[in-house]
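Chemist: The file below is entry_36.txt, compact mmCIF, C-alpha atoms:
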# COMPACT_ATOMS: atom_id res chain seq x y z
CA MET A 1 0.00 0.00 0.00
CA LYS A 2 1.28 3.47 -0.81
CA ILE A 3 0.71 6.56 1.21
CA GLY A 4 1.09 10.09 -0.05
CA PHE A 5 2.40 13.16 1.61
CA THR A 6 0.37 14.81 4.31
CA GLU A 7 -1.54 17.87 3.25
CA SER A 8 0.71 20.10 5.34
CA SER A 9 3.98 18.73 3.95
CA TRP A 10 2.72 18.76 0.36
CA SER A 11 1.55 22.35 0.57
CA GLY A 12 4.93 23.28 2.03
CA TRP A 13 6.71 21.86 -1.00
CA GLN A 14 4.64 23.51 -3.68
CA ARG A 15 4.52 27.17 -4.57
CA GLY A 16 1.51 27.56 -6.83
CA LYS A 17 1.43 26.12 -10.33
CA ASN A 18 2.91 26.78 -13.71
CA LYS A 19 1.93 25.41 -17.11
CA GLY A 20 3.58 22.08 -16.38
CA GLY A 21 2.25 21.56 -12.87
CA ILE A 22 3.59 22.11 -9.38
CA VAL A 23 6.36 24.63 -8.80
CA MET A 24 8.58 22.99 -6.23
CA ASP A 25 10.09 24.46 -3.08
CA MET A 26 13.33 22.53 -3.17
CA LYS A 27 14.50 24.04 0.12
CA GLU A 28 11.88 21.81 1.75
CA VAL A 29 12.73 18.77 -0.36
CA VAL A 30 16.50 18.73 0.18
CA GLY A 31 17.33 16.95 3.39
CA ARG A 32 13.91 15.31 3.70
CA CYS A 33 13.66 13.25 0.53
CA HIS A 34 15.83 10.91 -1.47
CA ILE A 35 16.52 12.41 -4.89
CA LEU A 36 16.50 10.28 -8.05
CA PHE A 37 17.54 11.76 -11.40
CA VAL A 38 16.72 9.49 -14.34
CA CYS A 39 17.94 10.61 -17.76
CA ILE A 40 16.49 8.51 -20.57
CA ASP A 41 19.27 9.37 -22.96
CA SER A 42 18.27 10.46 -26.49
CA LEU A 43 14.50 10.14 -25.91
CA ARG A 44 12.47 12.20 -28.37
CA TYR A 45 9.51 14.20 -27.11
CA ASP A 46 7.19 13.11 -29.93
CA VAL A 47 7.84 9.42 -29.24
CA ALA A 48 7.45 9.85 -25.47
CA GLU A 49 4.16 11.70 -25.93
CA LYS A 50 2.80 9.12 -28.40
CA GLU A 51 3.57 6.20 -26.09
CA GLN A 52 2.06 8.13 -23.21
CA GLU A 53 -1.18 8.62 -25.13
CA GLN A 54 -1.28 5.04 -26.44
CA GLY A 55 -0.56 3.48 -23.05
CA GLY A 56 2.86 2.13 -23.99
CA THR A 57 4.48 3.53 -20.85
CA PRO A 58 2.09 2.65 -18.00
CA VAL A 59 4.70 3.12 -15.26
CA LEU A 60 5.72 6.63 -16.30
CA ASN A 61 2.11 7.52 -17.02
CA GLN A 62 1.30 7.13 -13.32
CA TYR A 63 3.31 10.24 -12.56
CA GLY A 64 1.77 12.85 -14.81
CA SER A 65 2.17 13.97 -18.40
CA TRP A 66 5.41 14.85 -20.05
CA ARG A 67 6.26 18.53 -20.36
CA LYS A 68 7.46 19.63 -23.79
CA CYS A 69 10.84 21.27 -23.25
CA HIS A 70 13.92 22.62 -24.98
CA ALA A 71 17.06 20.61 -24.30
CA PRO A 72 20.10 22.39 -22.83
CA GLY A 73 22.40 20.69 -25.36
CA ASN A 74 22.27 18.71 -28.60
CA PHE A 75 24.23 15.68 -27.40
CA THR A 76 24.99 13.94 -24.13
CA TYR A 77 28.07 15.76 -22.88
CA PRO A 78 27.01 19.44 -23.06
CA SER A 79 23.45 18.67 -22.01
CA HIS A 80 24.56 16.82 -18.89
CA GLN A 81 27.10 19.45 -17.94
CA ALA A 82 24.28 21.99 -18.01
CA MET A 83 21.87 19.79 -16.04
CA PHE A 84 24.39 18.92 -13.34
CA ALA A 85 24.90 22.68 -12.92
CA GLY A 86 21.14 23.06 -12.39
CA PHE A 87 20.09 24.02 -15.92
CA PHE A 88 17.45 21.41 -16.75
CA PRO A 89 15.33 21.42 -19.93
CA ILE A 90 13.29 24.59 -20.13
CA GLU A 91 9.59 24.41 -20.94
CA VAL A 92 8.55 25.37 -24.46
CA GLY A 93 6.79 28.71 -24.28
CA VAL A 94 9.07 30.25 -21.66
CA LYS A 95 10.65 33.26 -23.35
CA ASN A 96 12.42 34.80 -20.37
CA MET A 97 15.00 32.62 -18.64
CA LYS A 98 14.13 34.19 -15.30
CA GLN A 99 10.63 32.72 -15.65
CA ARG A 100 11.85 29.13 -15.92
CA GLU A 101 11.27 26.80 -13.00
CA THR A 102 14.60 26.34 -11.23
CA LEU A 103 15.16 23.42 -8.88
CA PHE A 104 18.85 23.93 -8.08
CA PHE A 105 20.61 27.29 -8.26
CA SER A 106 24.36 27.88 -8.14
CA GLU A 107 25.40 30.61 -5.73
CA ASP A 108 28.23 31.54 -8.10
CA ILE A 109 26.48 32.53 -11.31
CA GLY A 110 23.45 34.02 -12.98
CA MET A 111 20.51 36.35 -12.36
CA GLY A 112 22.34 38.68 -10.01
CA ARG A 113 23.13 35.65 -7.83
CA LYS A 114 19.62 35.86 -6.41
CA ALA A 115 17.98 32.44 -6.25
CA PRO A 116 14.53 32.13 -7.85
CA GLU A 117 11.67 31.33 -5.51
CA GLY A 118 11.60 27.66 -4.64
CA ALA A 119 15.15 26.91 -5.81
CA TYR A 120 17.71 25.23 -3.59
CA ARG A 121 20.96 27.23 -3.50
CA PHE A 122 24.05 25.06 -3.76
CA GLN A 123 27.78 25.58 -3.50
CA GLY A 124 30.23 23.76 -5.73
CA ALA A 125 30.48 23.11 -9.45
CA THR A 126 27.33 20.96 -9.53
CA PHE A 127 24.17 20.43 -7.52
CA VAL A 128 25.41 16.87 -6.97
CA GLU A 129 28.34 18.24 -5.00
CA GLY A 130 25.99 20.58 -3.18
CA LEU A 131 23.84 17.66 -2.07
CA SER A 132 26.92 15.75 -0.97
CA ALA A 133 27.76 18.67 1.33
CA GLU A 134 24.25 18.31 2.78
CA GLY A 135 25.00 14.71 3.76
CA TYR A 136 23.56 12.89 0.76
CA GLU A 137 25.25 9.78 -0.54
CA THR A 138 25.68 10.52 -4.24
CA CYS A 139 25.74 7.70 -6.78
CA CYS A 140 26.07 7.65 -10.57
CA ILE A 141 25.13 4.60 -12.63
CA GLY A 142 26.44 5.30 -16.11
CA GLY A 143 25.32 4.07 -19.48
CA LEU A 144 26.95 5.84 -22.40
CA SER A 145 30.71 6.14 -22.96
CA PHE A 146 30.72 9.59 -21.36
CA PHE A 147 30.35 7.70 -18.07
CA ASP A 148 32.89 4.99 -18.85
CA LYS A 149 35.81 5.75 -16.51
CA ARG A 150 38.30 3.81 -18.63
CA THR A 151 38.79 7.03 -20.63
CA ASP A 152 39.75 10.51 -19.47
CA VAL A 153 36.61 12.08 -20.92
CA GLY A 154 34.55 9.34 -19.31
CA LYS A 155 35.92 10.22 -15.88
CA VAL A 156 34.71 13.83 -15.88
CA MET A 157 31.02 13.58 -15.03
CA PRO A 158 31.28 10.49 -12.79
CA GLY A 159 33.84 12.54 -10.83
CA TYR A 160 31.04 14.75 -9.51
CA PHE A 161 29.73 11.82 -7.46
CA GLN A 162 31.03 10.13 -4.32
CA ASN A 163 30.37 6.76 -5.94
CA SER A 164 30.16 6.05 -9.66
CA TYR A 165 29.75 2.87 -11.63
CA TRP A 166 29.87 1.73 -15.23
CA ARG A 167 29.78 -1.78 -16.65
CA PRO A 168 29.80 -2.97 -20.28
CA THR A 169 26.39 -4.51 -19.55
CA PHE A 170 25.05 -0.99 -18.83
CA GLY A 171 25.93 0.20 -22.35
CA CYS A 172 23.67 0.97 -25.28
CA LYS A 173 24.80 -2.06 -27.31
CA VAL A 174 23.30 -4.43 -24.74
CA LYS A 175 19.58 -5.04 -25.17
CA GLU A 176 19.08 -5.85 -21.48
CA SER A 177 21.02 -2.78 -20.28
CA PRO A 178 18.01 -1.24 -18.48
CA LYS A 179 17.54 -4.43 -16.49
CA HIS A 180 21.22 -4.54 -15.56
CA GLN A 181 21.23 -0.87 -14.53
CA VAL A 182 18.07 -1.19 -12.44
CA ASP A 183 19.30 -4.39 -10.80
CA PHE A 184 22.47 -2.57 -9.77
CA ALA A 185 20.55 0.50 -8.57
CA ILE A 186 18.29 -1.66 -6.41
CA GLN A 187 21.35 -3.32 -4.88
CA LYS A 188 22.76 0.11 -3.97
CA MET A 189 19.48 1.16 -2.38
CA GLU A 190 19.34 -2.03 -0.35
CA GLU A 191 22.86 -1.28 0.95
CA LEU A 192 21.99 2.31 1.93
CA PRO A 193 22.12 2.88 5.70
CA VAL A 194 18.77 3.81 7.21
CA ASP A 195 20.09 7.17 8.39
CA LYS A 196 21.35 8.27 4.95
CA LYS A 197 19.67 10.04 2.06
CA MET A 198 20.49 8.98 -1.49
CA MET A 199 20.98 11.18 -4.52
CA MET A 200 21.17 8.76 -7.44
CA TYR A 201 21.67 9.53 -11.11
CA ILE A 202 21.04 6.90 -13.79
CA ASN A 203 21.97 7.39 -17.43
CA ILE A 204 19.55 5.04 -19.21
CA SER A 205 21.31 4.11 -22.46
CA ALA A 206 18.75 1.87 -24.18
CA ILE A 207 17.08 4.54 -26.35
CA HIS A 208 20.42 5.67 -27.79
CA TYR A 209 21.55 4.01 -31.00
CA PRO A 210 21.69 1.13 -31.66
CA ASN A 211 18.13 0.23 -30.68
CA TYR A 212 16.94 -1.84 -33.67
CA PHE A 213 17.11 -5.06 -31.64
CA TYR A 214 14.07 -4.05 -29.59
CA ILE A 215 11.99 -5.10 -32.61
CA PRO A 216 12.52 -8.80 -33.43
CA GLY A 217 14.09 -9.29 -36.84
CA GLU A 218 14.79 -5.59 -37.39
CA LYS A 219 18.22 -4.59 -38.71
CA LYS A 220 18.02 -0.81 -38.73
CA ASP A 221 17.29 1.85 -36.10
CA SER A 222 14.01 3.70 -36.57
CA VAL A 223 11.38 5.73 -34.75
CA GLU A 224 9.56 2.44 -34.18
CA SER A 225 12.56 0.76 -32.52
CA HIS A 226 13.14 3.93 -30.50
CA ALA A 227 9.58 3.59 -29.18
CA ALA A 228 10.02 -0.13 -28.50
CA ALA A 229 13.14 0.64 -26.46
CA LEU A 230 11.19 3.18 -24.41
CA CYS A 231 8.49 0.62 -23.63
CA TYR A 232 11.18 -1.80 -22.44
CA VAL A 233 12.70 0.90 -20.23
CA ASP A 234 9.30 1.72 -18.75
CA GLN A 235 8.87 -1.87 -17.57
CA GLU A 236 12.17 -1.71 -15.66
CA LEU A 237 11.51 1.70 -14.12
CA GLY A 238 8.66 0.25 -12.08
CA ARG A 239 11.16 -1.85 -10.11
CA LEU A 240 13.47 1.13 -9.63
CA PHE A 241 10.70 3.34 -8.28
CA ALA A 242 9.53 0.58 -5.94
CA ALA A 243 13.05 0.28 -4.48
CA PHE A 244 13.08 3.98 -3.65
CA GLU A 245 9.58 3.79 -2.19
CA GLU A 246 10.82 1.11 0.19
CA LYS A 247 13.47 3.52 1.50
CA GLY A 248 11.25 6.55 1.91
CA GLU A 249 9.81 9.59 0.22
CA THR A 250 11.64 10.42 -2.99
CA PHE A 251 11.73 13.33 -5.39
CA VAL A 252 12.25 12.16 -8.98
CA ILE A 253 13.52 14.15 -11.95
CA CYS A 254 12.94 12.24 -15.19
CA CYS A 255 13.83 13.65 -18.59
CA SER A 256 15.82 13.28 -21.78
CA ASP A 257 19.02 15.14 -22.54
CA HIS A 258 18.32 15.49 -26.27
CA GLY A 259 16.34 13.86 -29.05
CA THR A 260 17.61 12.02 -32.11
CA CYS A 261 16.73 11.93 -35.81
CA TYR A 262 16.06 8.97 -38.09
CA GLY A 263 16.31 10.64 -41.48
CA GLU A 264 14.01 13.63 -40.95
CA ASP A 265 15.12 16.42 -43.30
CA GLY A 266 18.13 14.26 -44.11
CA TYR A 267 19.44 14.27 -40.51
CA LEU A 268 20.61 11.14 -38.73
CA TYR A 269 20.95 10.88 -34.95
CA HIS A 270 22.06 14.01 -33.02
CA GLY A 271 24.92 16.41 -32.24
CA PHE A 272 23.35 19.18 -34.36
CA ASN A 273 20.46 21.57 -33.91
CA HIS A 274 17.19 20.26 -35.30
CA PRO A 275 13.73 20.59 -33.70
CA ILE A 276 13.60 16.85 -33.01
CA VAL A 277 17.01 16.94 -31.31
CA ASN A 278 16.26 20.13 -29.39
CA THR A 279 12.82 19.08 -28.06
CA VAL A 280 12.70 16.70 -25.10
CA PRO A 281 10.26 15.31 -22.52
CA TYR A 282 10.58 16.27 -18.85
CA LYS A 283 8.67 15.64 -15.63
CA HIS A 284 9.30 15.62 -11.92
CA PHE A 285 7.23 13.94 -9.24
CA PHE A 286 7.21 12.34 -5.81
CA LEU A 287 7.31 8.71 -4.78
CA ALA A 288 5.74 8.03 -1.41
CA ARG A 289 6.97 5.56 1.18
CA ARG A 290 5.55 2.05 0.95
CA LEU A 291 3.94 0.45 3.97
Using structure tokens, write down the structure from this file.

Modeler:
Amino acid sequence: MKIGFTESSWSGWQRGKNKGGIVMDMKEVVGRCHILFVCIDSLRYDVAEKEQEQGGTPVLNQYGSWRKCHAPGNFTYPSHQAMFAGFFPIEVGVKNMKQRETLFFSEDIGMGRKAPEGAYRFQGATFVEGLSAEGYETCCIGGLSFFDKRTDVGKVMPGYFQNSYWRPTFGCKVKESPKHQVDFAIQKMEELPVDKKMMMYINISAIHYPNYFYIPGEKKDSVESHAAALCYVDQELGRLFAAFEEKGETFVICCSDHGTCYGEDGYLYHGFNHPIVNTVPYKHFFLARRL
């Protein structure tokens, strides 16, 4: 059985509404909730929305509709560097950066160094490091090669975390990579001391090319195999969310870092500016403790 937040705690964490839903007060969330950041790497907004409407992602559908957002970068590395600094995808329709919803705000840069209402001010190069200073155990479960610590480039972003992990079985060439990543994440949550809060980041690699093998007999990546990969990921996310629910109330950020093309206007994959690459799905939500 799940229980939700009490009316008093919920009202303390929200500050009115914007187009996408609740505007969070992260100063109330930090220190009280586990924080889970799931990046479904390369997920297109149009595919995410279609599967949402057709019921292909029943787990994710439980937690509200996707917001249509602009990505902070057109491939994994720049987009993640922005997000780890607190610059998450910005909702389509926002024309003034100061009007964007800000969850984490660096004390060192931007907007006259005055934190927007509801934002959690952090010190350090990333909000991950800021949460570590607050006593969180920070954990990165990589997927793409940018999280593979066997290379110098692959060491950069995992270096923001106290603990970081990458295995070949987590990579995008392995069909069962979401299962392997979630299995490992669950193990880490089971090992978490009862008096600790977890900040976990997972780079889900399955949507990234190649993904043709999610359709039996297919030999080429396509929008259809992209969608099939998303449906596979959705099945595994249910187990991940349940593991966090067992540990306590959790704030989840779930989004894509960029989209990817399959021949539209002659473009293939990503790393360039195209509306499909620049438009991504985003949502955040709470998981409540299980009884």

Chemist: Measuring atom to atom with all atoms listed in the file, identify which of A:Met24, A:Ile202, A:Val92, A:Val47 is nearest to Glu117 of chain A.

Modeler: A:Met24

Chemist: What's around segment 231-247 of chain A at 7 Å? Count all atoms listed in the file, leave out sequence neighbours fewer than 5 positions away in its own chain, and write the answer as a list in words.

Modeler: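 Selected residues are Gly56, Thr57, Val59, Leu60, Pro178, Lys179, Val182, Ile186, Met189, Leu287, Ala288, Arg289 and Arg290 of chain A.
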
Chemist: Can you tell me which residues surround Met83 of chain A at a distance of at most 10 Å, considering all atoms listed in the file, apart from same-chain residues fewer than 2 positions away, and format the answer as a ChimeraX atom specification?

Modeler: /A:71-73,78-81,85-89,104,126-127,257

Chemist: Emit the selected residues as a compact mmCIF listing (two decimals), keeping the file's coordinate frame, including C-alpha atoms.

Modeler:
# COMPACT_ATOMS: atom_id res chain seq x y z
CA ALA A 71 17.06 20.61 -24.30
CA PRO A 72 20.10 22.39 -22.83
CA GLY A 73 22.40 20.69 -25.36
CA PRO A 78 27.01 19.44 -23.06
CA SER A 79 23.45 18.67 -22.01
CA HIS A 80 24.56 16.82 -18.89
CA GLN A 81 27.10 19.45 -17.94
CA ALA A 85 24.90 22.68 -12.92
CA GLY A 86 21.14 23.06 -12.39
CA PHE A 87 20.09 24.02 -15.92
CA PHE A 88 17.45 21.41 -16.75
CA PRO A 89 15.33 21.42 -19.93
CA PHE A 104 18.85 23.93 -8.08
CA THR A 126 27.33 20.96 -9.53
CA PHE A 127 24.17 20.43 -7.52
CA ASP A 257 19.02 15.14 -22.54

Chemist: Tell me, counting all atoms listed in the file, for each residue of segment 194-213 of chain A within 12 Å of segment 264-269 of chain A, which pair of atoms is nearest and how far apart they are in Å to one decimal, in rows ordered by chain and increasing number, as CSV.

Modeler:
residue,atom,partner,partner_atom,distance
A:Ile207,CA,A:Tyr269,CA,11.4
A:His208,CA,A:Tyr269,CA,8.9
A:Tyr209,CA,A:Tyr269,CA,7.9
A:Pro210,CA,A:Tyr269,CA,10.3
A:Asn211,CA,A:Tyr269,CA,11.8

Chemist: List the neighbours of segment 26-28 of chain A out to 7 Å using all atoms listed in the file; skip same-chain residues closer than 3 positions along the sequence, and give me the result as a list in words.

Modeler: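 Close residues of segment 26-28 of chain A: Trp13, Leu103, Gly118, Ala119 and Tyr120 of chain A.
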
Chemist: Report, in Å with one decimal, the straight-line distance from atom CA of Phe37 of chain A to atom CA of Ile204 of chain A.

Modeler: 10.5 Å

Chemist: Residues at most 8 Å from Lys175 of chain A, counting all atoms listed in the file, excluding those fewer than 4 positions away in the same chain, as a PyMOL selection string?

Modeler: chain A and resi 206+211+213-214

Chemist: Can you list, as an NGL selection string, every protein, DNA or RNA residue that comes within 7 Å of Arg121 of chain A when you count all atoms listed in the file, leaving out same-chain residues fewer than 6 positions away?

Modeler: :A and (104-107 or 115)

Chemist: How about saving the chosen residues, C-alpha atoms kept, as a PDB file, in the frame of the given file?

Modeler:
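Done, and the output landed in result_35.pdb:
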ATOM      1  CA  PHE A 104      18.850  23.930  -8.080  1.00  0.00           C
ATOM      2  CA  PHE A 105      20.610  27.290  -8.260  1.00  0.00           C
ATOM      3  CA  SER A 106      24.360  27.880  -8.140  1.00  0.00           C
ATOM      4  CA  GLU A 107      25.400  30.610  -5.730  1.00  0.00           C
ATOM      5  CA  ALA A 115      17.980  32.440  -6.250  1.00  0.00           C
TER       6      ALA A 115
END

Chemist: Rank A:Tyr201, A:Tyr160, A:Tyr136, A:Tyr212 by their smallest atom-to-atom distance to Ile253 of chain A, using all atoms listed in the file, and report the top residue only.

Modeler: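 Using all atoms listed in the file, Ile253 of chain A sits closest to A:Tyr201.
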
Chemist: Just how far from atom CA of Arg67 of chain A is atom CA of Lys95 of chain A, in Å to one decimal?

Modeler: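 Calculated distance between atom CA of Lys95 of chain A and atom CA of Arg67 of chain A is 15.7 Å.
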
Chemist: Go ahead and find all residues with at least one atom no further than 10 Å from (15.4, 17.7, -30.5) in the file's coordinates, using only C-alpha atoms; report them as a PyMOL selection string.

Modeler: chain A and resi 42-46+69-71+73-75+256-261+269-281

Chemist: Mind giving me the straight-line distance from atom CA of Asn96 of chain A to atom CA of Lys114 of chain A in Å, one decimal?

Modeler: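 A separation of 15.7 Å between them.
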
Chemist: Using all atoms listed in the file, which of the listed residues (A:Phe84, A:Gly142, A:Lys283, A:Phe147) sits closest to Gly124 of chain A?

Modeler: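 Nearest to Gly124 of chain A: A:Phe84.
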
Chemist: Which residue gives the smallest distance to Ala185 of chain A among A:Cys140, A:Lys220, A:Met157, A:Gln54, with all atoms listed in the file counted?

Modeler: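 Selected residue with least distance to Ala185 of chain A: A:Cys140.
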
Chemist: Would you mind telling me which residue in A:Ile215, A:Val38, A:Met199, A:Cys33 lies nearest to Ala227 of chain A when using only C-alpha atoms?

Modeler: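 Looking only at the distances to Ala227 of chain A, the closest residue turns out to be A:Ile215.
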
Chemist: Please write as a PyMOL selection string the list of polymer residues whose atoms come within 10 Å of (17.9, 12.9, 6.4), counting only C-alpha atoms and keeping to the coordinates of the file.

Modeler: chain A and resi 30-34+134-136+194-198

Chemist: Between A:Met97, A:Ile40, A:Leu144, A:Ala228, which is the closest to Pro158 of chain A once you count all atoms listed in the file?

Modeler: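 Closest candidate: A:Leu144.
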